[in-house]
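Structure data (compact mmCIF, C-alpha atoms and all ligand atoms) from query-v4.txt:
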```
# COMPACT_ATOMS: atom_id res chain seq x y z
CA MET A 1 144.75 22.72 101.72
CA ILE A 2 146.18 22.76 105.20
CA VAL A 3 149.88 22.12 105.58
CA VAL A 4 151.09 21.56 109.13
CA VAL A 5 154.77 22.09 109.82
CA ALA A 6 155.30 19.84 112.79
CA ALA A 7 157.98 18.84 115.26
CA LEU A 8 158.05 18.44 119.01
CA LYS A 9 161.68 19.40 119.26
CA GLY A 10 162.71 23.05 119.38
CA GLY A 11 165.00 24.76 116.92
CA VAL A 12 164.76 22.20 114.11
CA GLY A 13 163.59 24.68 111.47
CA LYS A 14 159.79 24.77 111.81
CA THR A 15 159.42 28.52 111.49
CA THR A 16 161.99 28.83 108.71
CA THR A 17 160.22 26.03 106.84
CA SER A 18 156.78 27.59 107.39
CA VAL A 19 157.83 31.01 106.13
CA TYR A 20 159.66 29.72 103.05
CA LEU A 21 156.87 27.29 102.20
CA ALA A 22 154.36 30.14 102.45
CA ALA A 23 156.52 32.24 100.11
CA ALA A 24 156.87 29.33 97.68
CA ALA A 25 153.14 28.61 97.74
CA ALA A 26 152.29 32.28 97.20
CA SER A 27 154.67 32.53 94.25
CA GLY A 28 152.37 30.13 92.42
CA ARG A 29 149.93 33.11 92.39
CA ARG A 30 147.75 31.71 95.15
CA SER A 31 147.00 33.65 98.24
CA VAL A 32 148.35 31.88 101.26
CA GLU A 33 147.60 32.16 104.93
CA LEU A 34 150.45 31.66 107.36
CA ILE A 35 148.97 30.60 110.69
CA ASP A 36 151.32 31.09 113.61
CA ALA A 37 150.26 28.68 116.36
CA ASP A 38 153.38 29.36 118.43
CA PRO A 39 153.07 31.78 121.40
CA GLN A 40 156.67 32.83 120.68
CA ALA A 41 155.20 34.43 117.53
CA SER A 42 158.39 34.00 115.52
CA ALA A 43 156.57 33.56 112.22
CA ALA A 44 154.48 36.65 113.01
CA ASP A 45 157.62 38.65 113.79
CA TRP A 46 159.21 37.48 110.57
CA TRP A 47 156.12 38.34 108.54
CA GLU A 48 156.08 41.86 110.06
CA ALA A 49 159.77 42.44 109.37
CA ALA A 50 159.79 40.89 105.89
CA ASN A 51 160.97 42.94 102.94
CA ASP A 52 158.41 44.09 100.45
CA GLY A 53 157.78 41.38 97.94
CA ASP A 54 159.26 38.45 99.87
CA LEU A 55 155.96 37.49 101.42
CA ALA A 56 153.65 39.15 98.90
CA GLY A 57 150.40 37.24 98.81
CA VAL A 58 150.97 35.80 102.28
CA SER A 59 148.62 36.90 105.03
CA LEU A 60 149.24 36.17 108.67
CA VAL A 61 147.00 34.97 111.48
CA GLU A 62 148.24 34.54 115.03
CA ALA A 63 146.58 31.54 116.65
CA PRO A 64 148.65 30.46 119.67
CA THR A 65 145.91 28.54 121.52
CA GLU A 66 143.73 25.56 120.65
CA ARG A 67 140.69 27.83 120.51
CA LEU A 68 142.32 30.39 118.22
CA LEU A 69 143.75 27.67 116.03
CA ALA A 70 140.33 26.07 115.61
CA LYS A 71 138.89 29.48 114.77
CA ALA A 72 141.60 30.27 112.21
CA VAL A 73 141.19 26.89 110.53
CA GLY A 74 137.41 27.16 110.63
CA ALA A 75 137.58 30.49 108.79
CA LEU A 76 139.44 28.99 105.82
CA GLY A 77 137.58 28.59 102.54
CA PRO A 78 137.66 25.36 100.51
CA ASP A 79 140.25 26.73 98.04
CA ASP A 80 142.49 28.38 100.60
CA VAL A 81 146.03 27.32 101.28
CA ALA A 82 147.23 27.55 104.87
CA ILE A 83 150.62 26.80 106.35
CA ILE A 84 150.59 26.25 110.11
CA ASP A 85 153.75 26.86 112.15
CA THR A 86 153.61 24.97 115.44
CA PRO A 87 155.33 25.48 118.79
CA PRO A 88 157.92 23.08 120.21
CA GLY A 89 156.94 20.68 123.00
CA GLN A 90 153.19 21.31 122.94
CA GLU A 91 151.82 17.91 122.17
CA ARG A 92 148.15 18.81 122.64
CA LEU A 93 148.17 21.81 120.35
CA LEU A 94 150.25 19.92 117.81
CA GLY A 95 147.72 17.08 117.93
CA LYS A 96 144.87 19.50 117.21
CA ALA A 97 146.75 20.92 114.23
CA LEU A 98 147.62 17.46 112.91
CA ASP A 99 143.96 16.42 113.08
CA ARG A 100 143.16 19.18 110.57
CA ALA A 101 146.13 18.58 108.26
CA ASP A 102 145.88 17.61 104.60
CA VAL A 103 149.63 17.17 104.52
CA VAL A 104 152.39 17.29 107.13
CA VAL A 105 155.92 18.58 106.67
CA LEU A 106 158.32 17.49 109.35
CA PRO A 107 161.55 19.44 109.60
CA THR A 108 164.43 17.65 111.19
CA ARG A 109 168.17 17.86 111.46
CA VAL A 110 170.74 15.21 111.02
CA GLY A 111 171.84 13.76 114.35
CA GLY A 112 171.16 10.80 116.60
CA VAL A 113 169.01 12.45 119.27
CA GLU A 114 166.45 13.64 116.73
CA THR A 115 165.06 10.30 115.70
CA PRO A 116 162.96 9.20 118.74
CA ARG A 117 161.09 12.51 118.98
CA MET A 118 160.57 12.55 115.26
CA GLU A 119 159.04 9.10 115.45
CA ALA A 120 156.71 10.34 118.19
CA VAL A 121 155.42 13.00 115.79
CA LEU A 122 155.08 10.51 112.95
CA GLU A 123 152.87 8.40 115.24
CA MET A 124 150.64 11.41 115.93
CA VAL A 125 149.90 12.01 112.24
CA PRO A 126 146.53 10.50 111.22
CA ALA A 127 147.06 7.39 109.08
CA ASP A 128 145.65 8.81 105.83
CA VAL A 129 147.63 12.06 105.92
CA PRO A 130 150.81 12.18 103.85
CA VAL A 131 153.95 13.24 105.65
CA GLY A 132 157.42 14.06 104.42
CA LEU A 133 160.66 15.10 106.05
CA VAL A 134 162.61 18.22 105.37
CA ILE A 135 166.23 18.00 106.38
CA ALA A 136 166.89 21.54 107.50
CA SER A 137 170.25 23.22 107.64
CA ALA A 138 172.01 20.21 106.19
CA ARG A 139 175.66 19.64 105.47
CA THR A 140 175.07 17.35 102.56
CA TYR A 141 178.72 16.43 102.05
CA THR A 142 179.01 14.76 105.47
CA ARG A 143 178.85 11.09 106.23
CA ASP A 144 176.28 11.78 108.96
CA TYR A 145 173.93 13.29 106.42
CA GLN A 146 174.27 10.39 104.01
CA ASP A 147 173.78 7.85 106.81
CA ALA A 148 170.66 9.64 108.04
CA VAL A 149 169.09 9.73 104.58
CA ALA A 150 169.84 6.04 104.11
CA ALA A 151 168.34 5.19 107.51
CA TRP A 152 165.11 7.07 106.78
CA ALA A 153 164.81 5.44 103.39
CA GLU A 154 165.18 2.06 105.08
CA GLN A 155 162.39 2.92 107.52
CA GLY A 156 160.16 3.98 104.64
CA VAL A 157 160.01 7.62 105.73
CA ARG A 158 159.77 9.91 102.73
CA VAL A 159 162.25 12.74 102.48
CA TRP A 160 160.72 15.60 100.49
CA GLY A 161 163.80 17.73 100.46
CA THR A 162 167.04 18.91 101.93
CA VAL A 163 167.75 22.53 102.66
CA PRO A 164 171.45 23.34 102.81
CA GLU A 165 172.91 25.25 105.71
CA ARG A 166 173.18 28.88 104.59
CA VAL A 167 174.12 32.07 106.40
CA SER A 168 171.44 33.85 104.40
CA ILE A 169 168.77 31.45 105.70
CA ALA A 170 170.08 31.69 109.27
CA ALA A 171 169.62 35.48 109.05
CA GLY A 172 165.87 34.88 109.09
CA PRO A 173 163.86 38.11 109.07
CA ARG A 174 167.06 40.17 109.22
CA SER A 175 167.61 39.52 105.54
CA SER A 176 165.63 38.95 102.36
CA LEU A 177 164.68 35.37 101.65
CA SER A 178 167.63 33.35 100.40
CA PHE A 179 167.35 32.36 96.76
CA ASP A 180 168.86 28.92 97.41
CA GLY A 181 166.47 28.46 100.26
CA PHE A 182 163.54 29.54 98.15
CA LEU A 183 164.39 27.05 95.40
CA ALA A 184 164.79 24.19 97.87
CA TYR A 185 161.50 24.99 99.56
CA ARG A 186 159.72 25.44 96.23
CA ASP A 187 160.52 21.82 95.38
CA ILE A 188 159.34 20.73 98.81
CA TRP A 189 156.13 22.70 98.35
CA ARG A 190 155.50 20.96 95.02
CA ARG A 191 156.00 17.55 96.59
CA ALA A 192 153.73 18.34 99.50
CA GLN A 193 151.06 19.63 97.13
CA ARG A 194 151.26 16.52 94.98
CA ALA A 195 151.05 14.26 98.03
CA ALA A 196 147.98 16.13 99.29
CA ARG A 197 146.28 15.85 95.90
CA ASN A 198 146.96 12.11 95.61
CA ARG A 199 145.67 11.45 99.07
N1 LIG A 201 168.92 26.04 106.09
C1 LIG A 201 169.35 26.71 107.16
N2 LIG A 201 170.60 27.23 107.17
C2 LIG A 201 171.06 27.87 108.26
N3 LIG A 201 170.34 28.09 109.38
C3 LIG A 201 169.09 27.60 109.42
C4 LIG A 201 168.52 26.89 108.33
N4 LIG A 201 167.25 26.53 108.66
C5 LIG A 201 167.05 27.00 109.91
N5 LIG A 201 168.14 27.65 110.38
C6 LIG A 201 168.34 28.29 111.69
O1 LIG A 201 168.09 27.36 112.72
C7 LIG A 201 167.52 28.00 113.86
C8 LIG A 201 166.20 27.31 114.20
O2 LIG A 201 165.30 27.49 113.11
P1 LIG A 201 163.78 27.83 113.37
O3 LIG A 201 163.61 29.00 114.24
O4 LIG A 201 163.12 27.84 112.04
O5 LIG A 201 163.37 26.52 114.17
P2 LIG A 201 162.04 26.23 114.99
O6 LIG A 201 161.87 24.76 114.94
O7 LIG A 201 160.93 27.07 114.50
O8 LIG A 201 162.44 26.70 116.46
P3 LIG A 201 161.42 26.84 117.71
O9 LIG A 201 161.25 25.45 118.22
O10 LIG A 201 162.15 27.73 118.66
O11 LIG A 201 160.15 27.42 117.19
C9 LIG A 201 167.33 29.46 113.46
O12 LIG A 201 168.41 30.19 113.94
C10 LIG A 201 167.35 29.41 111.94
O13 LIG A 201 167.77 30.61 111.36
MG MG A 202 159.60 28.32 115.52
```

Please express the file's structure as structure tokens.
Ligand SMILES: Nc1ncnc2c1ncn2[C@@H]1O[C@H](COP(=O)(O)OP(=O)(O)OP(=O)(O)O)[C@@H](O)[C@H]1O
Ligand SMILES: [Mg+2]
Amino acid sequence: MIVVVAALKGGVGKTTTSVYLAAAAASGRRSVELIDADPQASAADWWEAANDGDLAGVSLVEAPTERLLAKAVGALGPDDVAIIDTPPGQERLLGKALDRADVVVLPTRVGGVETPRMEAVLEMVPADVPVGLVIASARTYTRDYQDAVAAWAEQGVRVWGTVPERVSIAAGPRSSLSFDGFLAYRDIWRRAQRAARNR
């Protein structure tokens, strides 16, 4: 099962989502491959710095070009689970990843400027591939948040989960995985898995 964590916009939570989803997937006793398709290598850096245990069962492959990405995906077995972290603003590479996806997770933040670029990504996802939003770093008590969720529901975009804004998540590789974050992403992982199975 190939999960692509996709967004064209930078800094929306792609890498955070990829790492936590990989941890959540691996906690279900599967071995998981985290494929870092971003030349910035932030997922790779995180994986290297991670505390013992946090990413147990997660292996890492750096694949920051179309060729390397195709190779990494081609090497997967039929029962493997892979989470692909993608770079911002690289439409071609993102397109290649999306073409191989069984399920797409789209991190976004609440705020007006996000929507058009998010829609551009939604249009790039092949028609038969399920896609769900993750609202990253959310302030769930705000009016903006509630309005955004209502607007997406109206447009028929599925929201698979909301991850609250947490200092412990913002610490990234400088801290152990946040328990709150892990629980939120575990639910998202379950939804993504279910959507991929029902495809
Ligand atoms: N739930 C959260 N609470 C607090 N901070 C968060 C949360 N999720 C993400 N962040 C922070 O938001 C910033 C951007 O997140 P991240 O690096 O995952 O985004 P990205 O989309 O991968 O960025 P890039 O486009 O540069 O690859 C980081 O500083 C990260 O720690
Ligand atoms: Mg990133």

Report task. May I ask which of the residues A:Thr162, A:Thr142, A:Ser27, A:Gln193 is the closest one to ligand LIG 201 (chain A), counting only C-alpha atoms and all ligand atoms? Result ->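 Looking at the shortest contact to ligand LIG 201 (chain A), the residue is A:Thr162.
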
Query raised in the report: If you count all atoms listed in the file, which residues fall within 9 Å of range 41-55 of chain A, apart from same-chain ones fewer than 4 positions away, as a list in words?
Result: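 Within the cut-off, the hits are Thr15, Thr16, Ser18, Val19, Tyr20, Ala22, Ala23, Ala26, Ser27, Leu34, Ile35, Asp36, Ala37, Ser59, Leu60, Val61, Glu62, Pro64, Asp85, Gly172, Pro173, Arg174, Ser175, Ser176 and Leu177 of chain A.
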
Report task. May I ask which of the residues A:Lys14, A:Lys9, A:Arg166, A:Arg117 is the closest one to ligand MG 202 (chain A), counting all atoms listed in the file? Result ->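 Of the candidates, the smallest distance to ligand MG 202 (chain A) is held by A:Lys14.
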
**Report entry** Near-Ala63 in chain A list (9 Å; all atoms listed in the file; drop same-chain fewer than 5 positions) as a PyMOL selection string
**Finding:** chain A and resi 35-39+68-72

Query - Computed interatomic separation between CA of Gly10 in chain A and CA of Gly95 in chain A (Å) - result: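 Going from CA of Gly10 in chain A over to CA of Gly95 in chain A, I get 16.2 Å.
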
Requested in this report: Using all atoms listed in the file, pick whichever of A:Arg109, A:Arg158, A:Leu133, A:Leu122 has the shortest atom-to-atom distance to Tyr145 in chain A.
Outcome: A:Arg109

Requested in this report: Please work out which residues fall within 10 Å of (145.2, 9.5, 107.0), coordinates as given in the file, with all atoms listed in the file counting, and return them as a ChimeraX atom specification.
Outcome: /A:99,101-103,125-131,199

Store the residues of this selection in a file with C-alpha atoms, as a compact mmCIF listing (two decimals), in the coordinates of the input.
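Wrote result_39.txt, looks like this:
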```
# COMPACT_ATOMS: atom_id res chain seq x y z
CA ASP A 99 143.96 16.42 113.08
CA ALA A 101 146.13 18.58 108.26
CA ASP A 102 145.88 17.61 104.60
CA VAL A 103 149.63 17.17 104.52
CA VAL A 125 149.90 12.01 112.24
CA PRO A 126 146.53 10.50 111.22
CA ALA A 127 147.06 7.39 109.08
CA ASP A 128 145.65 8.81 105.83
CA VAL A 129 147.63 12.06 105.92
CA PRO A 130 150.81 12.18 103.85
CA VAL A 131 153.95 13.24 105.65
CA ARG A 199 145.67 11.45 99.07
```

Requested in this report: Go ahead and compute the interatomic distance for CA of Thr108 in chain A and atom N5 of ligand LIG 201 (chain A), in Å to one decimal.
Outcome: 10.7 Å

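For ligand LIG 201 (chain A), the neighbouring protein, DNA and RNA residues, which are those within 6 Å when all atoms listed in the file are counted, are Gly10, Gly11, Val12, Gly13, Lys14, Thr15, Thr16, Pro87, Pro88, Ala136, Ser137, Val163, Pro164, Glu165, Arg166, Val167, Ile169, Ala170, Ala171 and Gly172 of chain A.
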
Counting all atoms listed in the file, what is within 10 Å of Glu119 in chain A, bar same-chain residues fewer than 4 positions away, as a PDB file with C-alpha atoms, keeping the file's coordinate frame?
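Saved the output as out19.pdb:
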```
ATOM      1  CA  ALA A   7     157.980  18.840 115.260  1.00  0.00           C
ATOM      2  CA  GLU A 114     166.450  13.640 116.730  1.00  0.00           C
ATOM      3  CA  THR A 115     165.060  10.300 115.700  1.00  0.00           C
ATOM      4  CA  GLU A 123     152.870   8.400 115.240  1.00  0.00           C
ATOM      5  CA  MET A 124     150.640  11.410 115.930  1.00  0.00           C
ATOM      6  CA  VAL A 157     160.010   7.620 105.730  1.00  0.00           C
TER       7      VAL A 157
END
```

Query raised in the report: Taking all atoms listed in the file into account, which of A:Val105, A:Asp180, A:Thr65, A:Ala56 comes nearest Ala196 in chain A?
Result: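 Counting all atoms listed in the file, the residue closest to Ala196 in chain A is A:Val105.
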
Hey, can I get the axis-aligned box for range 188-198 of chain A? All listed atoms, 5 Å padding on each side, centre and edge lengths in Å to one decimal, as JSON.
```
{"center_x": 152.8, "center_y": 17.4, "center_z": 97.2, "size_x": 23.1, "size_y": 20.6, "size_z": 14.5}
```

Report summary line: If you count all atoms listed in the file, the residue of A:Gln40, A:Arg29, A:Val73, A:Ile2 closest to ligand MG 202 (chain A) turns out to be A:Gln40

Report task. Could you give me, as a PyMOL selection string, the residues that have an atom at most 12 Å away from the point (139.5, 25.6, 96.3) in the coordinates of the file, using all atoms listed in the file? Result -> chain A and resi 1-2+30-32+76-82+197

Dump of C-alpha atoms for the selected residues, as an mmCIF file, in the coordinates of the input:
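Listed below is the output, part_5.cif:
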```
data_model
loop_
_atom_site.group_PDB
_atom_site.id
_atom_site.type_symbol
_atom_site.label_atom_id
_atom_site.label_comp_id
_atom_site.auth_asym_id
_atom_site.auth_seq_id
_atom_site.Cartn_x
_atom_site.Cartn_y
_atom_site.Cartn_z
ATOM 1 C CA MET A 1 144.750 22.720 101.720
ATOM 2 C CA ILE A 2 146.180 22.760 105.200
ATOM 3 C CA ARG A 30 147.750 31.710 95.150
ATOM 4 C CA SER A 31 147.000 33.650 98.240
ATOM 5 C CA VAL A 32 148.350 31.880 101.260
ATOM 6 C CA LEU A 76 139.440 28.990 105.820
ATOM 7 C CA GLY A 77 137.580 28.590 102.540
ATOM 8 C CA PRO A 78 137.660 25.360 100.510
ATOM 9 C CA ASP A 79 140.250 26.730 98.040
ATOM 10 C CA ASP A 80 142.490 28.380 100.600
ATOM 11 C CA VAL A 81 146.030 27.320 101.280
ATOM 12 C CA ALA A 82 147.230 27.550 104.870
ATOM 13 C CA ARG A 197 146.280 15.850 95.900
#
```

Report summary line: If you count only C-alpha atoms, the residue of A:Ala24, A:Val5, A:Arg186, A:Gln90 closest to Pro107 in chain A turns out to be A:Val5

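Going from CA of Glu91 in chain A to CA of Leu8 in chain A covers 7.0 Å.
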